[in-house]
Every structure is written in structure tokens, then in C-alpha cells.
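Okay, data.cif is below, mmCIF, C-alpha atoms:
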data_model
#
loop_
_atom_site.label_atom_id
_atom_site.label_comp_id
_atom_site.auth_asym_id
_atom_site.auth_seq_id
_atom_site.Cartn_x
_atom_site.Cartn_y
_atom_site.Cartn_z
CA MET A 1 31.55 -41.57 48.63
CA ALA A 2 28.73 -39.15 49.42
CA SER A 3 27.74 -39.07 45.74
CA ILE A 4 27.56 -42.83 45.60
CA TYR A 5 25.49 -42.92 48.75
CA CYS A 6 23.09 -40.27 47.42
CA PHE A 7 22.80 -42.06 44.11
CA ALA A 8 22.03 -45.37 45.87
CA TYR A 9 19.49 -43.67 48.12
CA ILE A 10 17.64 -41.99 45.22
CA THR A 11 17.69 -45.21 43.19
CA MET A 12 16.29 -47.23 46.09
CA ASN A 13 13.65 -44.59 46.74
CA TYR A 14 12.64 -44.59 43.07
CA TYR A 15 12.52 -48.38 43.01
CA ALA A 16 10.44 -48.39 46.19
CA ASN A 17 7.94 -45.97 44.65
CA LEU A 18 7.67 -48.11 41.54
CA SER A 19 7.15 -51.27 43.55
CA PHE A 20 4.59 -49.63 45.88
CA PRO A 21 2.49 -51.14 47.48
CA ILE A 22 4.33 -54.41 47.39
CA ILE A 23 5.96 -53.64 50.74
CA GLU A 24 3.85 -51.95 53.35
CA LEU A 25 5.83 -49.84 55.87
CA SER A 26 4.51 -47.62 58.54
CA GLN A 27 4.91 -43.85 58.00
CA ILE A 28 6.95 -43.53 61.17
CA TYR A 29 9.42 -46.10 59.95
CA ILE A 30 9.70 -44.34 56.60
CA ASN A 31 10.26 -40.98 58.30
CA VAL A 32 12.93 -42.47 60.55
CA LEU A 33 14.57 -43.99 57.50
CA ASN A 34 14.45 -40.70 55.59
CA TYR A 35 15.72 -38.56 58.44
CA GLY A 36 18.32 -41.19 59.27
CA ASN A 37 19.55 -41.06 55.69
CA ILE A 38 19.63 -37.28 55.76
CA ILE A 39 21.64 -37.37 59.00
CA VAL A 40 24.06 -39.92 57.56
CA ILE A 41 24.49 -37.85 54.40
CA CYS A 42 25.03 -34.70 56.45
CA PHE A 43 27.55 -36.53 58.59
CA ILE A 44 29.40 -37.77 55.54
CA LEU A 45 29.40 -34.29 53.99
CA ALA A 46 30.54 -32.77 57.27
CA SER A 47 33.30 -35.38 57.51
CA ILE A 48 34.41 -34.62 53.98
CA GLY A 49 34.34 -30.90 54.72
CA TYR A 50 36.34 -31.43 57.87
CA ILE A 51 38.87 -33.58 56.01
CA TYR A 52 39.23 -30.89 53.34
CA TYR A 53 39.49 -28.24 56.05
CA ARG A 54 42.20 -30.17 57.89
CA ALA A 55 44.01 -30.79 54.61
CA ALA A 56 43.83 -27.10 53.80
CA ILE A 57 45.08 -26.18 57.27
CA THR A 58 47.92 -28.69 56.99
CA ALA A 59 48.81 -27.43 53.53
CA GLU A 60 48.76 -23.86 54.77
CA GLU A 61 50.96 -24.76 57.71
CA LYS A 62 53.40 -26.52 55.40
CA LEU A 63 53.32 -23.55 53.05
CA GLU A 64 54.02 -21.22 55.95
CA GLN A 65 56.90 -23.43 57.06
CA GLU A 66 58.32 -23.46 53.53
CA HIS A 67 57.84 -19.69 53.38
CA GLN A 68 59.75 -19.29 56.64
CA LYS A 69 62.49 -21.60 55.38
CA THR A 70 62.72 -19.62 52.15
CA ASN A 71 62.85 -16.36 54.08
CA ALA A 72 65.55 -17.73 56.35
CA ALA A 73 67.54 -18.94 53.32
CA LEU A 74 67.15 -15.53 51.67
CA ILE A 75 68.29 -13.75 54.81
CA GLU A 76 71.25 -16.10 55.09
CA ARG A 77 72.08 -15.61 51.40
CA ASN A 78 71.81 -11.83 51.71
CA GLN A 79 74.11 -11.89 54.73
CA ALA A 80 76.60 -14.04 52.81
CA LEU A 81 76.31 -11.72 49.82
CA LYS A 82 76.84 -8.69 52.03
CA LEU A 83 79.89 -10.32 53.59
CA LEU A 84 81.21 -11.27 50.15
CA ASN A 85 80.67 -7.73 48.87
CA GLN A 86 82.45 -6.36 51.92
CA GLU A 87 85.36 -8.70 51.28
CA LEU A 88 85.41 -7.67 47.62
CA ALA A 89 85.41 -4.03 48.67
CA ASP A 90 88.27 -4.72 51.09
CA ALA A 91 90.18 -6.47 48.32
CA ALA A 92 89.52 -3.56 45.96
CA ASP A 93 90.76 -1.17 48.64
CA TYR A 94 93.87 -3.28 49.03
CA VAL A 95 94.54 -3.16 45.28
CA ARG A 96 94.15 0.62 45.33
CA LYS A 97 96.41 0.96 48.35
CA ILE A 98 99.29 -0.89 46.73
CA LEU A 99 99.11 1.32 43.65
CA PRO A 100 101.85 3.95 43.81
CA LYS A 101 100.89 7.52 44.56
CA PRO A 102 101.27 10.08 41.79
CA ILE A 103 104.66 11.77 41.78
CA THR A 104 104.13 15.50 41.45
CA GLU A 105 107.67 16.78 41.92
CA GLY A 106 111.12 15.88 40.66
CA PRO A 107 112.65 14.89 37.33
CA ILE A 108 110.09 12.13 36.85
CA ARG A 109 106.45 12.89 37.51
CA THR A 110 103.51 10.60 37.22
CA ASP A 111 99.77 10.65 37.32
CA TRP A 112 97.21 7.96 36.68
CA ARG A 113 93.58 6.99 36.50
CA PHE A 114 92.50 3.53 37.58
CA ILE A 115 88.90 2.55 36.85
CA PRO A 116 88.19 -1.17 37.14
CA SER A 117 85.10 -2.34 35.28
CA THR A 118 83.96 -4.23 38.38
CA SER A 119 84.84 -3.82 42.03
CA LEU A 120 87.94 -5.88 41.32
CA GLY A 121 89.78 -5.66 38.04
CA GLY A 122 92.61 -7.41 36.27
CA ASP A 123 94.61 -4.24 35.75
CA ALA A 124 97.45 -3.16 37.96
CA PHE A 125 100.46 -0.97 37.55
CA GLY A 126 103.38 0.37 39.46
CA TYR A 127 106.59 2.32 39.24
CA HIS A 128 109.54 2.75 41.51
CA MET A 129 113.22 3.54 41.47
CA VAL A 130 115.20 0.34 40.96
CA ASP A 131 118.38 2.23 41.88
CA GLU A 132 119.48 5.83 41.59
CA ASN A 133 119.79 5.53 37.83
CA HIS A 134 116.88 3.30 36.93
CA PHE A 135 113.17 3.89 37.18
CA ALA A 136 110.88 0.95 36.53
CA ILE A 137 107.34 1.26 35.22
CA TYR A 138 105.15 -1.76 34.77
CA LEU A 139 101.62 -2.29 33.60
CA ILE A 140 99.88 -5.57 34.26
CA ASP A 141 96.73 -6.50 32.41
CA VAL A 142 95.33 -9.88 33.29
CA SER A 143 92.65 -10.85 30.84
CA GLY A 144 89.17 -10.62 32.27
CA HIS A 145 88.30 -9.09 35.60
CA GLY A 146 87.00 -10.08 38.97
CA VAL A 147 88.60 -11.95 41.84
CA GLY A 148 90.70 -14.36 39.76
CA ALA A 149 92.18 -11.65 37.57
CA ALA A 150 92.81 -9.36 40.54
CA LEU A 151 94.54 -12.12 42.51
CA LEU A 152 96.96 -12.80 39.67
CA SER A 153 97.67 -9.14 38.91
CA VAL A 154 98.24 -8.37 42.60
CA SER A 155 100.51 -11.38 42.96
CA VAL A 156 102.63 -10.27 40.00
CA MET A 157 102.63 -6.70 41.26
CA ASN A 158 103.79 -7.70 44.73
CA VAL A 159 106.57 -9.80 43.22
CA LEU A 160 107.72 -6.81 41.17
CA ARG A 161 107.44 -4.37 44.06
CA SER A 162 109.39 -6.56 46.42
CA HIS A 163 112.01 -7.62 43.85
CA SER A 164 111.41 -11.17 44.99
CA LEU A 165 112.30 -12.91 41.74
CA PRO A 166 115.44 -14.98 42.31
CA ASP A 167 118.62 -14.35 40.32
CA THR A 168 117.01 -11.50 38.43
CA ASP A 169 118.42 -8.13 37.54
CA PHE A 170 115.43 -5.85 37.91
CA LYS A 171 117.07 -3.31 35.66
CA ASP A 172 116.67 -5.75 32.80
CA PRO A 173 113.02 -6.21 31.78
CA GLU A 174 113.86 -9.22 29.68
CA GLN A 175 115.23 -11.01 32.72
CA VAL A 176 112.20 -9.95 34.75
CA LEU A 177 109.81 -11.37 32.17
CA GLU A 178 111.78 -14.58 31.96
CA ALA A 179 111.69 -14.91 35.74
CA LEU A 180 107.97 -14.12 35.84
CA ASN A 181 107.33 -16.83 33.27
CA LEU A 182 109.12 -19.25 35.55
CA ALA A 183 107.35 -17.98 38.67
CA PHE A 184 103.87 -18.08 37.12
CA PRO A 185 103.84 -21.04 34.75
CA GLY A 186 100.79 -22.36 33.02
CA GLU A 187 98.72 -19.22 33.17
CA GLU A 188 96.84 -18.48 30.01
CA ASN A 189 95.74 -15.27 28.36
CA ASN A 190 97.48 -13.07 30.88
CA ASP A 191 99.45 -10.36 29.15
CA MET A 192 102.10 -8.39 30.90
CA PHE A 193 103.88 -5.23 30.00
CA PHE A 194 107.08 -4.21 31.63
CA THR A 195 109.31 -1.27 30.93
CA ARG A 196 112.41 0.15 32.48
CA LEU A 197 114.10 3.46 32.04
CA GLY A 198 117.69 4.51 32.52
CA ASN A 199 117.02 8.07 33.45
CA LYS A 200 120.64 9.20 33.33
CA THR A 201 121.29 8.04 29.83
CA GLY A 202 117.92 9.13 28.56
CA TYR A 203 117.21 5.71 27.14
CA THR A 204 114.43 3.42 28.00
CA SER A 205 114.26 -0.29 27.56
CA PHE A 206 110.85 -1.45 26.59
CA GLN A 207 109.73 -5.00 27.02
CA MET A 208 106.36 -6.49 26.39
CA GLY A 209 105.49 -10.08 26.95
CA CYS A 210 102.85 -12.66 27.54
CA MET A 211 103.17 -15.03 30.44
CA LYS A 212 101.87 -18.08 28.67
CA LEU A 213 103.83 -17.55 25.50
CA LYS A 214 107.38 -17.92 26.66
CA ASN A 215 108.32 -19.77 23.51
CA GLN A 216 106.56 -17.23 21.34
CA MET A 217 107.94 -14.11 22.92
CA ASP A 218 108.88 -12.70 19.52
CA ARG A 219 105.22 -12.69 18.61
CA CYS A 220 104.12 -11.13 21.86
CA GLY A 221 106.56 -8.30 21.93
CA ASP A 222 110.06 -7.24 21.28
CA PHE A 223 112.86 -5.44 22.98
CA LYS A 224 113.53 -1.89 21.97
CA ASN A 225 115.65 0.97 23.08
CA LEU A 226 113.77 4.22 22.84
CA GLN A 227 115.44 7.55 23.27
CA ILE A 228 113.48 10.00 25.34
CA SER A 229 113.05 13.28 23.54
CA MET B 230 105.95 15.08 27.48
CA SER B 231 104.74 18.08 29.38
CA ALA B 232 104.44 18.35 33.11
CA VAL B 233 101.77 16.26 34.74
CA LYS B 234 98.69 18.21 35.72
CA THR B 235 96.57 17.05 38.58
CA ASN B 236 93.59 19.35 38.28
CA ASP B 237 90.30 18.47 36.67
CA GLN B 238 91.48 19.70 33.32
CA SER B 239 94.38 17.29 33.13
CA ILE B 240 94.96 15.33 30.00
CA LEU B 241 94.10 12.14 31.90
CA ASP B 242 90.67 13.42 32.85
CA ARG B 243 90.04 14.58 29.32
CA LEU B 244 91.10 11.19 28.00
CA TYR B 245 88.93 9.45 30.58
CA ASN B 246 85.89 11.56 29.68
CA TYR B 247 86.59 11.04 26.00
CA ALA B 248 86.64 7.27 26.53
CA LYS B 249 83.36 7.46 28.45
CA ASN B 250 81.79 9.49 25.67
CA ILE B 251 82.90 6.98 23.08
CA GLY B 252 81.38 4.15 25.07
CA ASN B 253 78.30 6.25 25.82
CA SER B 254 78.30 4.85 29.34
CA GLU B 255 79.60 5.65 32.80
CA ASN B 256 80.89 2.09 33.13
CA PHE B 257 83.53 0.41 31.05
CA GLU B 258 83.26 -3.13 29.81
CA ASP B 259 86.88 -3.69 30.70
CA ASP B 260 89.29 -2.18 33.18
CA PHE B 261 90.43 1.29 32.24
CA THR B 262 93.88 2.36 33.35
CA ILE B 263 95.94 5.32 32.22
CA VAL B 264 99.42 6.11 33.49
CA GLU B 265 101.11 9.35 32.55
CA VAL B 266 104.82 9.76 33.08
CA ALA B 267 106.63 13.04 32.52
CA PHE B 268 110.41 13.26 32.31
CA GLY B 269 112.61 16.25 32.89
#
For the structure just supplied, provide its representation as C-alpha cells.
Amino acid sequence: MASIYCFAYITMNYYANLSFPIIELSQIYINVLNYGNIIVICFILASIGYIYYRAAITAEEKLEQEHQKTNAALIERNQALKLLNQELADAADYVRKILPKPITEGPIRTDWRFIPSTSLGGDAFGYHMVDENHFAIYLIDVSGHGVGAALLSVSVMNVLRSHSLPDTDFKDPEQVLEALNLAFPGEENNDMFFTRLGNKTGYTSFQMGCMKLKNQMDRCGDFKNLQIS
Amino acid sequence: MSAVKTNDQSILDRLYNYAKNIGNSENFEDDFTIVEVAFG
């Protein structure tokens, strides 16, 4: 707008000079006109500057508000992440706590190393005496790792620890796998390994299976009797 | 199977270190679990 006004003023001034002395004006009137124009132009420029200034201030205030919102969201996200990490750590501690302790004395001794690739893994294992003659060892490897894998492996482990499979002889790994397939149907890519040992006879029954492949158990594993040397 | 050792020189630690050396990393891409059972 100021540019248009300046252009019109210069054009009129130029035209007035060309047409001089067609119109005779007093010098005072011309000075008033000139200074009046200068004042108007200055006012327009000042208005434009003020508008830009206010726009800049408003934009800066909005930017500051957005910055504060972003900071608040980041703080909230970090708190949620911290809480989630704490819960993951608690879950990892729980998984470690339900792992059996190494057995350092007696006819059967055990030791182990458990290193999950993330804070929670899909591996789990356990061993316990089923009765005075049978010692069960089981390794659970759920494909993948993280919360989902850990939840499934812990669920299976707790079922095995508590002998909570119905109508199942826990001395028979084949029955245990069958019962697990019924208890955890529809899971995919979750391999399980279960073994039992009759420690009086010196024989072990070895069973390996895949939860999702009940109908293809022959492909997943077989049943063997291995004599302990 | 020989008796289980629990010191730093146990076969489990050697196996664990060997696996780390193979992977050339302190972290495994998958879970790493070893269970040793000794009978008798």
C-alpha cells in the first residue's frame, strides 16, 4: 500500500512539474502538501512496521507456546518411558526369580547362564523333582523376544512348575506336550522342549515339540529313550 | 558329565565367552540360555 502511495505521489509530482505553470499554487500550500504527504507516508510505514512487529510478537508467543507444549509432551513421554522401563525391569526380575537356583549338591547338580537379548526374553527354563524317582527339565524358547515372548514363556513355565495341566502325568513328556498344545492353542512359531529323567533307572525320556504343530509332531521332534552314561 | 563348577572358569562361562567372541559383541541378537545338568 505504501509503495502504491509513493508511486502515485511521485507520478503526480512529475506530472505537476511537466504541467507547470498551468496551475499556480502558493509555496505554503505546496509545502503543506509535501509535508502532509511525508507524514502520511511515515504513518503508513509506521503502521506497517507495527503490524509486522505485532505479527512477529504473536508468532513468537505462539512458537513459545508450542515449544512449551512440546516440552511438556516430551517430559510426559519420558516419564511414561521411565515407568515402562521400570515395569519391564520388574518383569525381567520376576522372570529371573522364577528360574530355579543352581543345584550344587546331590546326585543331580545343575548350573545355568541366562542372558536375554533384551530386558525381557523369550527363553525360560526350569527343573524340579516330579516325584522321588523323576526329575523334570524343561527349556522353553518362544520365538522372538520382548514382552509378548516373555509373557508366553512365563505362562508355560508357571503351568509346568505348578503342574496345573489337567489329567496329565507330568512324568510323561508326551502327555505334557499334548496338554500344553490344548492349553495354548493357536500360538505360532513357539517351540518348546521338554525332557524328563527317571533317575533311578538311569534312563531319560526326551521329548521335543512345537506348540503350533500338534498334527506335525513327528516333524518337530520325536520321543527317545536315552541311557545316561 | 562331570561335576558342575560354579567358579569363573566353569564350562558355562567358557561357552558364554566363546559365544560372545564368535558374535564379536557383548550383546546377543537372540536370547542365550545354557543349562548344565550333572548326574551322579
Residues of chain A within 7 Å of chain B, using only C-alpha atoms, as a PyMOL selection string?
chain A and resi 107-117+121-123
Straight-line distance linking atom CA of A:Asp141 with atom CA of A:Ala124, stated in Å to one decimal:
6.5 Å
Run the PyMOL selection byres ((chain A and resi 92) around 12) mentally over the shown coordinates, then write out the matched residues as a ChimeraX atom specification, using the chain letters and numbers from the document.
/A:85-91,93-99,114-124,145-147,149-151,154
Between atom CA of A:Ser155 and atom CA of A:Ala183 - distance in Å to one decimal
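Distance between the two atoms: 10.4 Å.
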Quick check, in Å to one decimal: how far apart do atom CA of A:Leu81 and atom CA of A:Val156 lie?
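Separation between atom CA of A:Leu81 and atom CA of A:Val156: 28.1 Å.
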Expected answer as a PyMOL selection string: all residues with atoms within 12 Å of (112.2, -15.8, 34.9), only C-alpha atoms:
chain A and resi 159-160+164-170+172-185+209+211+214
Any chance you could turn stretch 139-155 of chain A into a file with all heavy atoms, as a compact mmCIF listing (two decimals), in the first residue's frame?
# COMPACT_ATOMS: atom_id res chain seq x y z
N LEU A 139 13.05 -76.73 28.80
CA LEU A 139 13.56 -75.50 28.19
C LEU A 139 12.47 -74.94 27.29
O LEU A 139 11.90 -75.68 26.49
CB LEU A 139 14.80 -75.77 27.35
CG LEU A 139 15.97 -76.47 28.05
CD1 LEU A 139 17.07 -76.78 27.04
CD2 LEU A 139 16.52 -75.58 29.15
N ILE A 140 12.18 -73.69 27.45
CA ILE A 140 11.13 -73.05 26.65
C ILE A 140 11.78 -71.94 25.84
O ILE A 140 12.47 -71.08 26.39
CB ILE A 140 10.03 -72.46 27.56
CG1 ILE A 140 9.46 -73.55 28.47
CG2 ILE A 140 8.94 -71.81 26.73
CD1 ILE A 140 8.73 -73.00 29.67
N ASP A 141 11.57 -72.00 24.56
CA ASP A 141 12.12 -70.95 23.69
C ASP A 141 11.00 -70.42 22.81
O ASP A 141 10.67 -71.02 21.79
CB ASP A 141 13.27 -71.51 22.85
CG ASP A 141 13.91 -70.43 21.98
OD1 ASP A 141 13.50 -69.25 22.11
OD2 ASP A 141 14.81 -70.76 21.19
N VAL A 142 10.42 -69.33 23.23
CA VAL A 142 9.40 -68.68 22.40
C VAL A 142 10.13 -67.84 21.36
O VAL A 142 11.06 -67.11 21.68
CB VAL A 142 8.49 -67.79 23.26
CG1 VAL A 142 7.48 -67.06 22.39
CG2 VAL A 142 7.78 -68.63 24.30
N SER A 143 9.70 -67.99 20.12
CA SER A 143 10.39 -67.25 19.06
C SER A 143 10.26 -65.75 19.31
O SER A 143 9.23 -65.26 19.76
CB SER A 143 9.82 -67.61 17.69
OG SER A 143 8.46 -67.28 17.65
N GLY A 144 11.34 -65.05 19.01
CA GLY A 144 11.36 -63.61 19.25
C GLY A 144 11.71 -63.32 20.69
O GLY A 144 12.06 -64.21 21.47
N HIS A 145 11.62 -62.06 21.05
CA HIS A 145 11.86 -61.66 22.43
C HIS A 145 11.07 -60.39 22.70
O HIS A 145 10.45 -59.84 21.82
CB HIS A 145 13.35 -61.48 22.72
CG HIS A 145 14.12 -60.87 21.60
ND1 HIS A 145 14.09 -59.53 21.33
CD2 HIS A 145 14.90 -61.43 20.65
CE1 HIS A 145 14.85 -59.29 20.28
NE2 HIS A 145 15.35 -60.42 19.85
N GLY A 146 11.11 -59.98 23.95
CA GLY A 146 10.30 -58.83 24.34
C GLY A 146 9.13 -59.28 25.20
O GLY A 146 9.06 -60.42 25.66
N VAL A 147 8.21 -58.35 25.40
CA VAL A 147 7.12 -58.59 26.35
C VAL A 147 6.26 -59.79 25.92
O VAL A 147 5.95 -60.67 26.74
CB VAL A 147 6.24 -57.34 26.48
CG1 VAL A 147 5.05 -57.61 27.37
CG2 VAL A 147 7.06 -56.19 27.04
N GLY A 148 5.88 -59.82 24.64
CA GLY A 148 4.99 -60.90 24.18
C GLY A 148 5.60 -62.26 24.37
O GLY A 148 4.95 -63.19 24.88
N ALA A 149 6.85 -62.40 23.96
CA ALA A 149 7.54 -63.69 24.10
C ALA A 149 7.70 -64.06 25.57
O ALA A 149 7.49 -65.21 25.96
CB ALA A 149 8.90 -63.61 23.41
N ALA A 150 8.05 -63.07 26.40
CA ALA A 150 8.27 -63.35 27.82
C ALA A 150 6.95 -63.77 28.50
O ALA A 150 6.94 -64.68 29.33
CB ALA A 150 8.85 -62.11 28.51
N LEU A 151 5.85 -63.11 28.12
CA LEU A 151 4.57 -63.46 28.72
C LEU A 151 4.22 -64.91 28.45
O LEU A 151 3.78 -65.65 29.34
CB LEU A 151 3.47 -62.54 28.18
CG LEU A 151 3.38 -61.15 28.78
CD1 LEU A 151 2.34 -60.32 28.05
CD2 LEU A 151 3.03 -61.24 30.26
N LEU A 152 4.43 -65.33 27.19
CA LEU A 152 4.08 -66.71 26.83
C LEU A 152 5.01 -67.69 27.52
O LEU A 152 4.56 -68.71 28.08
CB LEU A 152 4.14 -66.88 25.31
CG LEU A 152 3.71 -68.25 24.81
CD1 LEU A 152 2.31 -68.58 25.27
CD2 LEU A 152 3.79 -68.31 23.29
N SER A 153 6.31 -67.42 27.51
CA SER A 153 7.24 -68.37 28.13
C SER A 153 7.00 -68.47 29.63
O SER A 153 7.03 -69.56 30.21
CB SER A 153 8.69 -67.96 27.84
OG SER A 153 8.98 -66.72 28.41
N VAL A 154 6.70 -67.33 30.27
CA VAL A 154 6.43 -67.37 31.71
C VAL A 154 5.13 -68.11 32.01
O VAL A 154 5.04 -68.86 32.98
CB VAL A 154 6.39 -65.93 32.28
CG1 VAL A 154 5.79 -65.91 33.67
CG2 VAL A 154 7.78 -65.34 32.31
N SER A 155 4.13 -67.91 31.14
CA SER A 155 2.87 -68.62 31.33
C SER A 155 3.09 -70.13 31.27
O SER A 155 2.61 -70.89 32.13
CB SER A 155 1.86 -68.20 30.26
OG SER A 155 1.60 -66.82 30.35
